[in-house]
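**Q** So here's start08.cif, just mmCIF, C-alpha atoms:
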```cif
data_work
#
loop_
_atom_site.label_atom_id
_atom_site.label_comp_id
_atom_site.auth_asym_id
_atom_site.auth_seq_id
_atom_site.Cartn_x
_atom_site.Cartn_y
_atom_site.Cartn_z
CA MET T 100 -0.31 -30.09 -13.01
CA SER T 101 -1.06 -32.92 -15.40
CA ILE T 102 1.20 -35.74 -16.57
CA LEU T 103 2.19 -33.93 -19.76
CA GLU T 104 3.22 -30.83 -17.92
CA VAL T 105 5.73 -32.78 -15.86
CA PHE T 106 7.78 -33.18 -19.03
CA ARG T 107 7.05 -29.75 -20.39
CA HIS T 108 7.84 -28.12 -17.07
CA LYS T 109 11.54 -27.52 -17.63
CA GLN T 110 11.19 -25.51 -20.82
CA LYS T 111 8.29 -23.48 -19.55
CA LYS T 112 10.25 -20.78 -17.73
CA THR T 113 8.83 -17.48 -18.77
CA ASN T 114 10.23 -14.51 -16.98
CA SER T 115 7.63 -11.83 -16.85
CA ALA T 116 8.76 -10.90 -13.33
CA ALA T 117 12.09 -9.64 -14.72
CA ILE T 118 10.20 -7.42 -17.16
CA ALA T 119 8.01 -6.12 -14.34
CA ARG T 120 11.06 -5.33 -12.23
CA GLU T 121 12.75 -3.44 -15.03
CA ARG T 122 9.67 -1.40 -15.92
CA LEU T 123 9.09 -0.55 -12.28
CA GLN T 124 12.67 0.54 -11.69
CA ILE T 125 12.39 2.97 -14.58
CA ILE T 126 8.98 4.41 -13.79
CA VAL T 127 9.62 4.70 -10.07
CA ALA T 128 12.94 6.50 -10.58
CA HIS T 129 11.23 8.77 -13.08
CA GLU T 130 8.39 9.65 -10.72
CA ARG T 131 10.67 10.15 -7.73
CA ASN T 132 12.54 12.80 -9.68
CA GLY T 133 9.44 14.88 -9.45
CA GLU T 134 8.40 14.20 -13.04
CA HIS T 135 4.80 14.00 -11.94
CA THR T 136 4.99 17.47 -10.51
CA THR T 137 5.81 19.20 -13.79
CA PRO T 138 3.90 22.42 -14.33
CA ASP T 139 0.48 22.15 -15.95
CA TYR T 140 1.48 24.45 -18.80
CA LEU T 141 4.21 22.10 -20.01
CA PRO T 142 2.22 20.13 -22.62
CA SER T 143 0.78 23.25 -24.27
CA MET T 144 4.16 25.00 -24.16
CA LYS T 145 5.66 21.98 -25.83
CA GLN T 146 3.03 22.24 -28.54
CA ASP T 147 3.81 25.93 -29.09
CA ILE T 148 7.54 25.33 -29.26
CA LEU T 149 6.95 22.57 -31.75
CA GLU T 150 4.91 24.95 -33.92
CA VAL T 151 7.71 27.53 -33.85
CA VAL T 152 10.37 24.98 -34.73
CA ARG T 153 8.19 23.67 -37.53
CA LYS T 154 8.07 27.09 -39.14
CA TYR T 155 11.72 26.58 -39.96
CA VAL T 156 12.44 22.87 -39.89
CA ASP T 157 10.28 19.88 -40.67
CA VAL T 158 10.26 17.96 -37.42
CA GLN T 159 7.79 15.55 -35.88
CA GLN T 160 6.39 15.59 -32.38
CA GLU T 161 8.66 12.76 -31.28
CA HIS T 162 11.78 14.69 -32.31
CA VAL T 163 11.19 17.33 -29.70
CA SER T 164 11.69 16.37 -26.11
CA ILE T 165 11.15 18.68 -23.19
CA THR T 166 12.20 17.71 -19.72
CA PHE T 167 11.61 19.58 -16.54
CA GLU T 168 13.78 18.99 -13.52
CA SER T 169 13.55 20.56 -10.12
CA GLN T 170 16.51 20.74 -7.83
CA GLN T 171 16.66 22.54 -4.51
CA ASP T 172 16.24 26.13 -5.64
CA VAL T 173 16.39 25.92 -9.43
CA SER T 174 14.18 24.34 -12.02
CA ILE T 175 15.74 23.36 -15.33
CA LEU T 176 13.78 23.22 -18.53
CA GLU T 177 15.62 21.23 -21.14
CA LEU T 178 14.60 21.39 -24.78
CA ASN T 179 15.98 18.85 -27.17
CA VAL T 180 15.22 18.98 -30.88
CA THR T 181 16.55 16.31 -33.18
CA LEU T 182 16.91 17.86 -36.61
CA PRO T 183 16.40 15.69 -39.68
CA GLU T 184 19.59 14.64 -41.47
CA THR T 185 18.91 16.31 -44.77
CA ASN T 186 18.70 20.09 -44.56
CA SER T 187 15.09 20.21 -45.61
CA VAL T 188 14.13 23.75 -44.76
CA ALA T 189 10.44 24.37 -44.98
CA SER T 190 9.58 27.22 -47.29
CA MET W 293 0.85 8.47 24.51
CA ALA W 294 -0.22 5.97 21.88
CA ARG W 295 1.80 5.09 18.82
CA ILE W 296 -0.26 5.86 15.72
CA ILE W 297 0.07 3.33 12.92
CA VAL W 298 -1.36 3.86 9.45
CA VAL W 299 -2.04 0.88 7.21
CA THR W 300 -1.87 2.29 3.70
CA SER W 301 -1.09 1.35 0.10
CA GLY W 302 -2.43 3.78 -2.47
CA LYS W 303 -3.91 0.95 -4.50
CA GLY W 304 -7.17 -0.69 -3.48
CA GLY W 305 -7.77 -4.36 -2.85
CA VAL W 306 -4.24 -5.20 -1.70
CA GLY W 307 -5.22 -6.14 1.86
CA LYS W 308 -5.25 -2.97 3.96
CA THR W 309 -8.38 -3.88 5.90
CA THR W 310 -7.32 -7.52 6.35
CA THR W 311 -3.98 -6.23 7.61
CA SER W 312 -5.53 -3.62 9.92
CA ALA W 313 -7.76 -6.28 11.46
CA ALA W 314 -4.91 -8.77 11.87
CA LEU W 315 -2.37 -6.25 13.15
CA SER W 316 -4.68 -4.64 15.68
CA THR W 317 -5.81 -8.06 16.91
CA GLY W 318 -2.19 -9.21 17.16
CA LEU W 319 -1.19 -6.16 19.17
CA ALA W 320 -4.16 -6.60 21.51
CA LEU W 321 -3.35 -10.31 21.95
CA GLN W 322 0.08 -9.21 23.14
CA GLY W 323 -1.63 -7.22 25.86
CA HIS W 324 -1.47 -3.76 24.31
CA ARG W 325 -4.57 -1.63 24.50
CA THR W 326 -5.42 -1.10 20.85
CA VAL W 327 -8.04 0.73 18.84
CA VAL W 328 -8.50 0.31 15.10
CA ILE W 329 -10.16 3.11 13.15
CA ASP W 330 -11.81 2.80 9.73
CA PHE W 331 -10.97 5.92 7.68
CA ASP W 332 -12.88 4.74 4.61
CA ILE W 333 -15.80 7.11 5.01
CA GLY W 334 -18.80 6.07 2.90
CA LEU W 335 -17.45 2.56 2.25
CA ARG W 336 -16.90 1.09 5.66
CA ASN W 337 -15.78 -2.53 5.72
CA LEU W 338 -13.53 -2.94 8.70
CA ASP W 339 -16.62 -3.72 10.82
CA LEU W 340 -17.42 -6.70 8.56
CA VAL W 341 -13.89 -8.05 8.61
CA MET W 342 -13.81 -7.68 12.41
CA GLY W 343 -17.26 -9.24 12.72
CA CYS W 344 -18.90 -6.37 14.57
CA GLU W 345 -21.11 -4.94 11.82
CA ARG W 346 -24.32 -5.52 13.76
CA ARG W 347 -23.09 -3.65 16.78
CA VAL W 348 -22.36 -0.36 15.04
CA VAL W 349 -24.43 2.43 16.58
CA TYR W 350 -22.33 5.56 16.25
CA ASP W 351 -19.35 6.15 14.00
CA PHE W 352 -16.21 8.25 13.52
CA ILE W 353 -18.11 11.15 11.92
CA ASN W 354 -20.68 11.24 14.74
CA ILE W 355 -17.78 11.74 17.14
CA ILE W 356 -16.17 14.45 15.03
CA ASN W 357 -19.51 16.28 14.82
CA GLY W 358 -20.08 15.92 18.55
CA GLU W 359 -23.23 13.83 18.04
CA ALA W 360 -22.00 11.09 20.37
CA ALA W 361 -19.32 10.58 22.95
CA LEU W 362 -16.23 8.63 21.99
CA HIS W 363 -16.93 5.75 24.38
CA GLN W 364 -20.39 5.34 22.83
CA ALA W 365 -18.92 4.74 19.39
CA LEU W 366 -16.06 2.45 20.34
CA ILE W 367 -17.04 -1.19 19.84
CA LYS W 368 -15.37 -3.67 22.13
CA ASP W 369 -14.11 -6.63 20.14
CA LYS W 370 -15.82 -9.83 21.17
CA HIS W 371 -12.90 -12.13 20.36
CA THR W 372 -10.05 -10.19 21.93
CA ASP W 373 -9.57 -8.22 25.12
CA ASN W 374 -7.91 -4.81 24.91
CA LEU W 375 -9.27 -4.27 21.39
CA PHE W 376 -11.76 -1.67 20.21
CA VAL W 377 -13.11 -0.73 16.78
CA LEU W 378 -14.12 2.74 15.65
CA PRO W 379 -16.23 2.28 12.49
CA ALA W 380 -16.44 4.68 9.56
CA SER W 381 -19.65 6.41 8.60
CA GLN W 382 -21.65 4.72 5.88
CA THR W 383 -23.79 7.70 4.94
CA ARG W 384 -21.61 10.80 4.95
CA ASP W 385 -18.93 11.64 2.45
CA LYS W 386 -15.25 12.02 3.10
CA ASP W 387 -15.48 15.82 3.44
CA ALA W 388 -16.98 15.22 6.87
CA LEU W 389 -13.50 14.17 7.94
CA THR W 390 -12.07 17.48 9.12
CA PRO W 391 -8.40 17.81 10.06
CA GLU W 392 -9.31 19.37 13.42
CA GLY W 393 -11.88 16.67 14.16
CA VAL W 394 -9.49 13.85 13.35
CA ALA W 395 -6.72 15.46 15.40
CA GLN W 396 -9.02 15.81 18.39
CA VAL W 397 -10.30 12.21 18.27
CA LEU W 398 -6.76 10.86 17.96
CA GLU W 399 -5.56 13.01 20.80
CA THR W 400 -8.30 11.75 23.10
CA LEU W 401 -7.69 8.11 22.10
CA SER W 402 -3.96 8.62 22.58
CA LYS W 403 -4.49 9.01 26.30
CA GLU W 404 -6.28 5.70 26.69
CA PHE W 405 -4.58 3.38 24.23
CA ASP W 406 -1.11 2.05 23.47
CA TYR W 407 -1.69 1.69 19.74
CA ILE W 408 -4.03 3.41 17.32
CA VAL W 409 -4.28 1.59 13.98
CA CYS W 410 -5.65 3.71 11.13
CA ASP W 411 -7.11 1.69 8.25
CA SER W 412 -6.64 3.98 5.26
CA PRO W 413 -8.95 4.05 2.24
CA ALA W 414 -7.42 3.49 -1.20
CA GLY W 415 -6.35 6.47 -3.28
CA ILE W 416 -4.58 9.66 -2.28
CA GLU W 417 -7.58 11.80 -1.46
CA ARG W 418 -8.72 13.31 1.79
CA GLY W 419 -9.54 10.07 3.63
CA ALA W 420 -6.13 8.60 2.84
CA LEU W 421 -4.33 11.85 3.68
CA MET W 422 -6.17 12.14 6.99
CA ALA W 423 -5.33 8.53 7.85
CA LEU W 424 -1.60 9.01 7.32
CA TYR W 425 -1.23 12.58 8.56
CA HIS W 426 -0.75 11.75 12.25
CA ALA W 427 1.15 8.50 11.76
CA ASP W 428 4.24 7.56 13.74
CA GLU W 429 4.55 4.30 11.83
CA ALA W 430 3.32 3.31 8.38
CA ILE W 431 2.60 -0.20 7.19
CA ILE W 432 2.93 -0.04 3.41
CA THR W 433 0.75 -2.92 2.22
CA THR W 434 1.92 -4.04 -1.21
CA ASN W 435 1.16 -6.88 -3.61
CA PRO W 436 4.00 -8.24 -5.78
CA GLU W 437 2.48 -6.63 -8.83
CA VAL W 438 3.44 -3.55 -10.87
CA SER W 439 0.57 -1.19 -10.13
CA SER W 440 0.63 -1.89 -6.42
CA VAL W 441 4.39 -1.32 -6.16
CA ARG W 442 4.18 1.93 -8.08
CA ASP W 443 1.30 3.19 -5.92
CA SER W 444 3.20 2.25 -2.76
CA ASP W 445 6.08 4.36 -3.97
CA ARG W 446 3.71 7.30 -4.48
CA ILE W 447 2.34 6.85 -0.96
CA LEU W 448 5.89 6.86 0.42
CA GLY W 449 6.43 10.18 -1.36
CA ILE W 450 3.30 11.55 0.28
CA LEU W 451 4.43 10.34 3.71
CA HIS W 452 7.69 12.19 3.14
CA SER W 453 5.98 15.44 2.23
CA LYS W 454 2.48 15.61 3.70
CA SER W 455 2.54 13.82 7.03
CA ARG W 456 2.55 15.77 10.26
CA ARG W 457 6.07 14.55 11.00
CA ALA W 458 7.23 15.84 7.62
CA GLU W 459 5.46 19.17 7.97
CA LEU W 460 6.81 19.82 11.46
CA ASN W 461 10.27 18.56 10.56
CA LEU W 462 10.13 15.86 13.25
CA GLU W 463 11.75 12.46 13.11
CA PRO W 464 10.30 10.84 9.95
CA VAL W 465 7.47 8.31 9.98
CA ARG W 466 8.86 4.78 10.43
CA GLU W 467 8.04 2.83 7.31
CA HIS W 468 7.46 -0.90 7.10
CA LEU W 469 6.85 -2.95 3.98
CA LEU W 470 4.25 -5.68 4.27
CA LEU W 471 4.15 -7.80 1.15
CA THR W 472 0.78 -9.52 0.86
CA ARG W 473 -0.72 -12.17 -1.44
CA TYR W 474 2.74 -13.57 -2.08
CA ASP W 475 2.83 -16.78 -4.11
CA PRO W 476 6.27 -18.45 -3.92
CA THR W 477 5.35 -20.96 -6.65
CA ARG W 478 4.75 -18.18 -9.14
CA VAL W 479 7.87 -16.36 -7.97
CA GLU W 480 9.98 -19.47 -8.61
CA ARG W 481 8.42 -19.79 -12.04
CA GLY W 482 9.50 -16.22 -12.78
CA ASP W 483 5.96 -14.93 -13.06
CA MET W 484 5.78 -12.83 -9.94
CA LEU W 485 8.03 -10.15 -8.43
CA SER W 486 10.08 -11.61 -5.60
CA VAL W 487 10.52 -10.19 -2.09
CA GLU W 488 13.96 -8.94 -3.14
CA ASP W 489 12.58 -7.24 -6.25
CA VAL W 490 10.02 -5.29 -4.24
CA THR W 491 12.35 -4.39 -1.36
CA ASP W 492 14.98 -3.22 -3.89
CA ILE W 493 12.52 -0.93 -5.61
CA LEU W 494 10.77 0.50 -2.57
CA ALA W 495 13.89 0.53 -0.38
CA ILE W 496 12.13 0.31 2.99
CA PRO W 497 12.55 -2.33 5.72
CA LEU W 498 10.51 -5.49 5.31
CA LEU W 499 8.08 -6.20 8.13
CA GLY W 500 6.63 -9.39 6.76
CA VAL W 501 5.46 -11.45 3.83
CA ILE W 502 1.90 -12.77 3.89
CA PRO W 503 1.37 -15.70 1.54
CA GLU W 504 -1.61 -15.93 -0.78
CA ASP W 505 -3.93 -18.11 1.25
CA ASP W 506 -7.54 -19.33 1.04
CA THR W 507 -7.97 -18.87 4.77
CA VAL W 508 -7.99 -15.08 4.35
CA LEU W 509 -11.33 -15.34 2.55
CA LYS W 510 -12.60 -17.94 4.99
CA ALA W 511 -11.74 -15.61 7.86
CA SER W 512 -13.45 -12.57 6.39
CA ASN W 513 -16.49 -14.70 5.51
CA GLN W 514 -16.88 -15.35 9.22
CA GLY W 515 -15.92 -11.88 10.41
CA MET W 516 -12.91 -13.23 12.24
CA PRO W 517 -9.47 -11.60 11.81
CA VAL W 518 -7.29 -14.21 10.06
CA ILE W 519 -4.67 -14.04 12.82
CA HIS W 520 -7.10 -16.01 15.02
CA LEU W 521 -7.07 -19.04 12.71
CA GLU W 522 -4.38 -21.31 14.05
CA ASP W 523 -3.71 -23.48 11.00
CA SER W 524 -3.63 -20.53 8.61
CA ASP W 525 -0.32 -19.67 6.92
CA ALA W 526 -1.46 -16.09 6.41
CA GLY W 527 -2.52 -15.91 10.06
CA ASN W 528 0.85 -17.24 11.21
CA ALA W 529 2.66 -14.81 8.91
CA TYR W 530 0.67 -11.92 10.43
CA ASP W 531 1.59 -13.24 13.86
CA ASP W 532 5.27 -13.10 12.93
CA ALA W 533 4.86 -9.60 11.51
CA VAL W 534 3.33 -8.40 14.79
CA GLN W 535 6.25 -9.91 16.72
CA ARG W 536 8.73 -8.12 14.45
CA PHE W 537 6.76 -4.90 14.80
CA LEU W 538 7.17 -5.21 18.55
CA GLY W 539 10.91 -5.61 18.12
CA GLN W 540 11.33 -9.39 18.30
CA GLU W 541 13.64 -11.27 15.97
CA CYS W 542 11.57 -13.63 13.89
CA PRO W 543 12.73 -15.45 10.74
CA MET W 544 10.67 -15.04 7.56
CA ARG W 545 8.47 -18.01 6.69
CA PHE W 546 6.40 -19.06 3.68
CA LEU W 547 8.92 -17.71 1.17
CA GLU W 548 9.39 -21.04 -0.56
CA ALA W 549 6.98 -23.07 -2.61
CA PRO W 550 5.84 -26.29 -0.99
CA ARG W 551 7.59 -29.25 -2.63
CA LYS W 552 5.26 -31.60 -4.45
CA GLY W 553 5.59 -35.34 -4.24
CA LEU W 554 5.93 -37.44 -7.36
CA LEU W 555 2.36 -38.71 -7.26
CA GLN W 556 1.05 -35.19 -6.85
CA ARG W 557 3.12 -34.05 -9.82
CA ILE W 558 1.74 -36.80 -12.00
CA PHE W 559 -1.87 -36.77 -11.00
CA GLY W 560 -2.18 -33.08 -10.31
CA GLY W 561 -4.36 -31.86 -7.49
CA GLN W 562 -4.38 -28.90 -5.18
CA GLY W 563 -1.44 -26.95 -3.99
#
```
Kindly transcribe the structure held in the file into structure tokens.
**A**
Amino acid sequence: MSILEVFRHKQKKTNSAAIARERLQIIVAHERNGEHTTPDYLPSMKQDILEVVRKYVDVQQEHVSITFESQQDVSILELNVTLPETNSVAS
Amino acid sequence: MARIIVVTSGKGGVGKTTTSAALSTGLALQGHRTVVIDFDIGLRNLDLVMGCERRVVYDFINIINGEAALHQALIKDKHTDNLFVLPASQTRDKDALTPEGVAQVLETLSKEFDYIVCDSPAGIERGALMALYHADEAIITTNPEVSSVRDSDRILGILHSKSRRAELNLEPVREHLLLTRYDPTRVERGDMLSVEDVTDILAIPLLGVIPEDDTVLKASNQGMPVIHLEDSDAGNAYDDAVQRFLGQECPMRFLEAPRKGLLQRIFGGQG
């Protein structure tokens, strides 16, 4: 540490550790829920569902979310489509 | 019957081999008959860290294949009584590590030793799975860094589902967190995850905190487990961790940054 840094020291508190902690808490909780054990077919099924929805409504990839959750003896597939505000029906 | 300890992490380069060498040496110094096994088939390194690389004749795979007797492959440590090293093969690949072979070697060693320390390879492939399968205790070696913490969490998941104790529905593997390469100065600056951050996320009991320390490199340069170096902070921290592992109360050290004097602050310098 040089002489200048002695004076600069006080202001220099970054807090990247807090960001790391927050990101880890989220990803670890996510992965513990068995997210990483989703079936292999999920991405391509998501693509197909998106195609079907698009036949009727103009939605983007990010407006369709599919989550897969496994509990003891049931697995739940949750499909969430956010429809655009205006009723723009594709012809 | 020996206790089987796996030193694992998921991520590479976090200090598994350094820890295996220090822990096994520490246990042997306490008078326990200890053997440390390198499970990193194809990339053996424990022999170098233990300083016995020139005495390797037979290895783990030779034993599994029946090409040598177990006592021919075990290398007696030259620094410490009660300590033996079983090196990994340098030439075969990890498929040579068969579940039956590993089980048989561990069973035989179990009769002669108090502790069997399994130095796991990185990753979650066969070598790592074999190393943790038989474990009674797991030392989860983790750096205060995002990818290491995440990988440690994955390894904990695997211990819960794929270890022998999990498969047979026995009492679960006892898990211990060993936080390595910890730099209190960076933690105080807010640039490194703290002990509390990591223990909160992984939620397993803390066995010890090993500070980032130049002597770790000096020790491996010489092929001497760092726990032997008396004026080494990392060595002392490993010593404490071994005591705690054996059930002794032992306060945590090296969690705070050394205070700098005024002159040091002004003129800079090491530390």
**Q** Would you mind telling me which residue in W:His426, W:His363, W:Arg545, W:Lys370 lies nearest to Leu451 of chain W when using all atoms listed in the file?
**A**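 Of W:His426, W:His363, W:Arg545, W:Lys370, the one nearest Leu451 of chain W, counting all atoms listed in the file, is W:His426.
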**Q** At what distance in Å, to one decimal, does atom CA of Val465 of chain W lie from atom CA of Gly393 of chain W?
**A**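 Separation of atom CA of Gly393 of chain W and atom CA of Val465 of chain W: 21.5 Å.
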**Q** I'd like the residues picked by the PyMOL selection byres ((chain W) within 9 of (chain T)) written out as a compact mmCIF listing (two decimals) with C-alpha atoms, in the frame of the given file, using the chain letters and numbers from the file.
**A**
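And here's out36.txt as it stands now:
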```txt
# COMPACT_ATOMS: atom_id res chain seq x y z
CA GLU W 437 2.48 -6.63 -8.83
CA VAL W 438 3.44 -3.55 -10.87
CA SER W 439 0.57 -1.19 -10.13
CA VAL W 441 4.39 -1.32 -6.16
CA ARG W 442 4.18 1.93 -8.08
CA ASP W 445 6.08 4.36 -3.97
CA ARG W 446 3.71 7.30 -4.48
CA GLY W 449 6.43 10.18 -1.36
CA VAL W 479 7.87 -16.36 -7.97
CA ARG W 481 8.42 -19.79 -12.04
CA GLY W 482 9.50 -16.22 -12.78
CA ASP W 483 5.96 -14.93 -13.06
CA MET W 484 5.78 -12.83 -9.94
CA LEU W 485 8.03 -10.15 -8.43
CA SER W 486 10.08 -11.61 -5.60
CA ASP W 489 12.58 -7.24 -6.25
CA VAL W 490 10.02 -5.29 -4.24
CA ASP W 492 14.98 -3.22 -3.89
CA ILE W 493 12.52 -0.93 -5.61
CA LEU W 494 10.77 0.50 -2.57
CA GLN W 556 1.05 -35.19 -6.85
CA ARG W 557 3.12 -34.05 -9.82
CA ILE W 558 1.74 -36.80 -12.00
CA PHE W 559 -1.87 -36.77 -11.00
CA GLY W 560 -2.18 -33.08 -10.31
CA GLY W 561 -4.36 -31.86 -7.49
CA GLN W 562 -4.38 -28.90 -5.18
```
**Q** For atom CA of Gly334 of chain W and atom CA of Phe352 of chain W, determine how far apart the two atoms are, in Å to one decimal place.
**A**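 Straight-line distance from atom CA of Gly334 of chain W to atom CA of Phe352 of chain W works out to 11.1 Å.
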**Q** Apply the PyMOL selection byres ((chain T and resi 161) around 10) to the structure shown and report the selected residues as a list in words.
**A**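 Evaluating the PyMOL selection byres ((chain T and resi 161) around 10) on this file yields Leu149, Val158, Gln159, Gln160, His162, Val163, Ser164, Val180 and Thr181 of chain T.
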**Q** Could you turn the residues from that selection into a file that holds C-alpha atoms, as a PDB file, in the frame of the given file?
**A**
```
ATOM      1  CA  LEU T 149       6.950  22.570 -31.750  1.00  0.00           C
ATOM      2  CA  VAL T 158      10.260  17.960 -37.420  1.00  0.00           C
ATOM      3  CA  GLN T 159       7.790  15.550 -35.880  1.00  0.00           C
ATOM      4  CA  GLN T 160       6.390  15.590 -32.380  1.00  0.00           C
ATOM      5  CA  HIS T 162      11.780  14.690 -32.310  1.00  0.00           C
ATOM      6  CA  VAL T 163      11.190  17.330 -29.700  1.00  0.00           C
ATOM      7  CA  SER T 164      11.690  16.370 -26.110  1.00  0.00           C
ATOM      8  CA  VAL T 180      15.220  18.980 -30.880  1.00  0.00           C
ATOM      9  CA  THR T 181      16.550  16.310 -33.180  1.00  0.00           C
TER      10      THR T 181
END
```
**Q** Using atom CA of Phe331 of chain W and atom CA of Ala380 of chain W as the two end points, give the distance in Å to one decimal.
**A** 5.9 Å
**Q** Could you state which residues are captured by the PyMOL selection byres ((chain W and resi 396-406) around 12) in this file, as an NGL selection string?
**A** :W and (293-297 or 316 or 319-320 or 322-329 or 351-358 or 360-363 or 365-366 or 374-378 or 389-395 or 407-410 or 422-427)
**Q** Pick out the residues sitting within 8 Å of Ile432 of chain W, and hand them over as a PyMOL selection string; count only C-alpha atoms, and ignore anything fewer than 3 positions along from it in its own chain.
**A** chain W and resi 299-301+444+467-470
**Q** May I have the residues within 8 Å of Ala314 of chain W as JSON, numbers by chain, using all atoms listed in the file and disregarding those fewer than 2 positions away in the same chain?
**A** {"W": [310, 311, 312, 316, 317, 318, 517, 518, 519, 527, 530]}
**Q** Would you list the contacts of Met516 of chain W as a list in words, taking every protein, DNA or RNA residue within 12 Å and counting all atoms listed in the file, but skipping same-chain residues closer than 3 positions in sequence?
**A**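 Neighbouring residues, sequence-local ones excluded: Thr310, Ala313, Ala314, Thr317, Leu338, Asp339, Leu340, Val341, Met342, Gly343, Cys344, Glu345, Asp369, Lys370, His371, Thr372, Thr507, Val508, Leu509, Lys510, Ala511, Ser512, Asn513, Ile519, His520, Leu521, Glu522 and Gly527 of chain W.
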**Q** Hey, could you patch up segment 145-162 of chain T with N, CA and C atoms and hand it over as an mmCIF file, in the frame of the given file?
**A**
```
data_model
loop_
_atom_site.group_PDB
_atom_site.id
_atom_site.type_symbol
_atom_site.label_atom_id
_atom_site.label_comp_id
_atom_site.auth_asym_id
_atom_site.auth_seq_id
_atom_site.Cartn_x
_atom_site.Cartn_y
_atom_site.Cartn_z
ATOM 1 N N LYS T 145 4.959 22.866 -24.923
ATOM 2 C CA LYS T 145 5.660 21.980 -25.830
ATOM 3 C C LYS T 145 5.056 22.068 -27.227
ATOM 4 N N GLN T 146 3.737 22.126 -27.274
ATOM 5 C CA GLN T 146 3.030 22.240 -28.540
ATOM 6 C C GLN T 146 3.417 23.531 -29.257
ATOM 7 N N ASP T 147 3.452 24.634 -28.508
ATOM 8 C CA ASP T 147 3.810 25.930 -29.090
ATOM 9 C C ASP T 147 5.235 25.933 -29.613
ATOM 10 N N ILE T 148 6.140 25.373 -28.825
ATOM 11 C CA ILE T 148 7.540 25.330 -29.260
ATOM 12 C C ILE T 148 7.660 24.517 -30.535
ATOM 13 N N LEU T 149 6.926 23.414 -30.569
ATOM 14 C CA LEU T 149 6.950 22.570 -31.750
ATOM 15 C C LEU T 149 6.477 23.346 -32.990
ATOM 16 N N GLU T 150 5.435 24.142 -32.813
ATOM 17 C CA GLU T 150 4.910 24.950 -33.920
ATOM 18 C C GLU T 150 5.980 25.918 -34.426
ATOM 19 N N VAL T 151 6.674 26.561 -33.476
ATOM 20 C CA VAL T 151 7.710 27.530 -33.850
ATOM 21 C C VAL T 151 8.835 26.833 -34.611
ATOM 22 N N VAL T 152 9.291 25.699 -34.073
ATOM 23 C CA VAL T 152 10.370 24.980 -34.730
ATOM 24 C C VAL T 152 9.947 24.554 -36.130
ATOM 25 N N ARG T 153 8.708 24.152 -36.246
ATOM 26 C CA ARG T 153 8.190 23.670 -37.530
ATOM 27 C C ARG T 153 8.130 24.746 -38.603
ATOM 28 N N LYS T 154 8.076 25.995 -38.169
ATOM 29 C CA LYS T 154 8.070 27.090 -39.140
ATOM 30 C C LYS T 154 9.367 27.088 -39.942
ATOM 31 N N TYR T 155 10.405 26.543 -39.312
ATOM 32 C CA TYR T 155 11.720 26.580 -39.960
ATOM 33 C C TYR T 155 12.210 25.211 -40.392
ATOM 34 N N VAL T 156 11.942 24.209 -39.590
ATOM 35 C CA VAL T 156 12.440 22.870 -39.890
ATOM 36 C C VAL T 156 11.279 21.876 -39.809
ATOM 37 N N ASP T 157 11.339 20.871 -40.668
ATOM 38 C CA ASP T 157 10.280 19.880 -40.670
ATOM 39 C C ASP T 157 10.581 18.801 -39.622
ATOM 40 N N VAL T 158 10.038 18.971 -38.458
ATOM 41 C CA VAL T 158 10.260 17.960 -37.420
ATOM 42 C C VAL T 158 8.918 17.396 -36.937
ATOM 43 N N GLN T 159 8.987 16.190 -36.429
ATOM 44 C CA GLN T 159 7.790 15.550 -35.880
ATOM 45 C C GLN T 159 7.764 15.719 -34.369
ATOM 46 N N GLN T 160 6.598 15.505 -33.836
ATOM 47 C CA GLN T 160 6.390 15.590 -32.380
ATOM 48 C C GLN T 160 7.461 14.821 -31.596
ATOM 49 N N GLU T 161 7.751 13.598 -32.057
ATOM 50 C CA GLU T 161 8.660 12.760 -31.280
ATOM 51 C C GLU T 161 10.122 13.222 -31.351
ATOM 52 N N HIS T 162 10.409 14.183 -32.226
ATOM 53 C CA HIS T 162 11.780 14.690 -32.310
ATOM 54 C C HIS T 162 12.048 15.837 -31.342
#
```
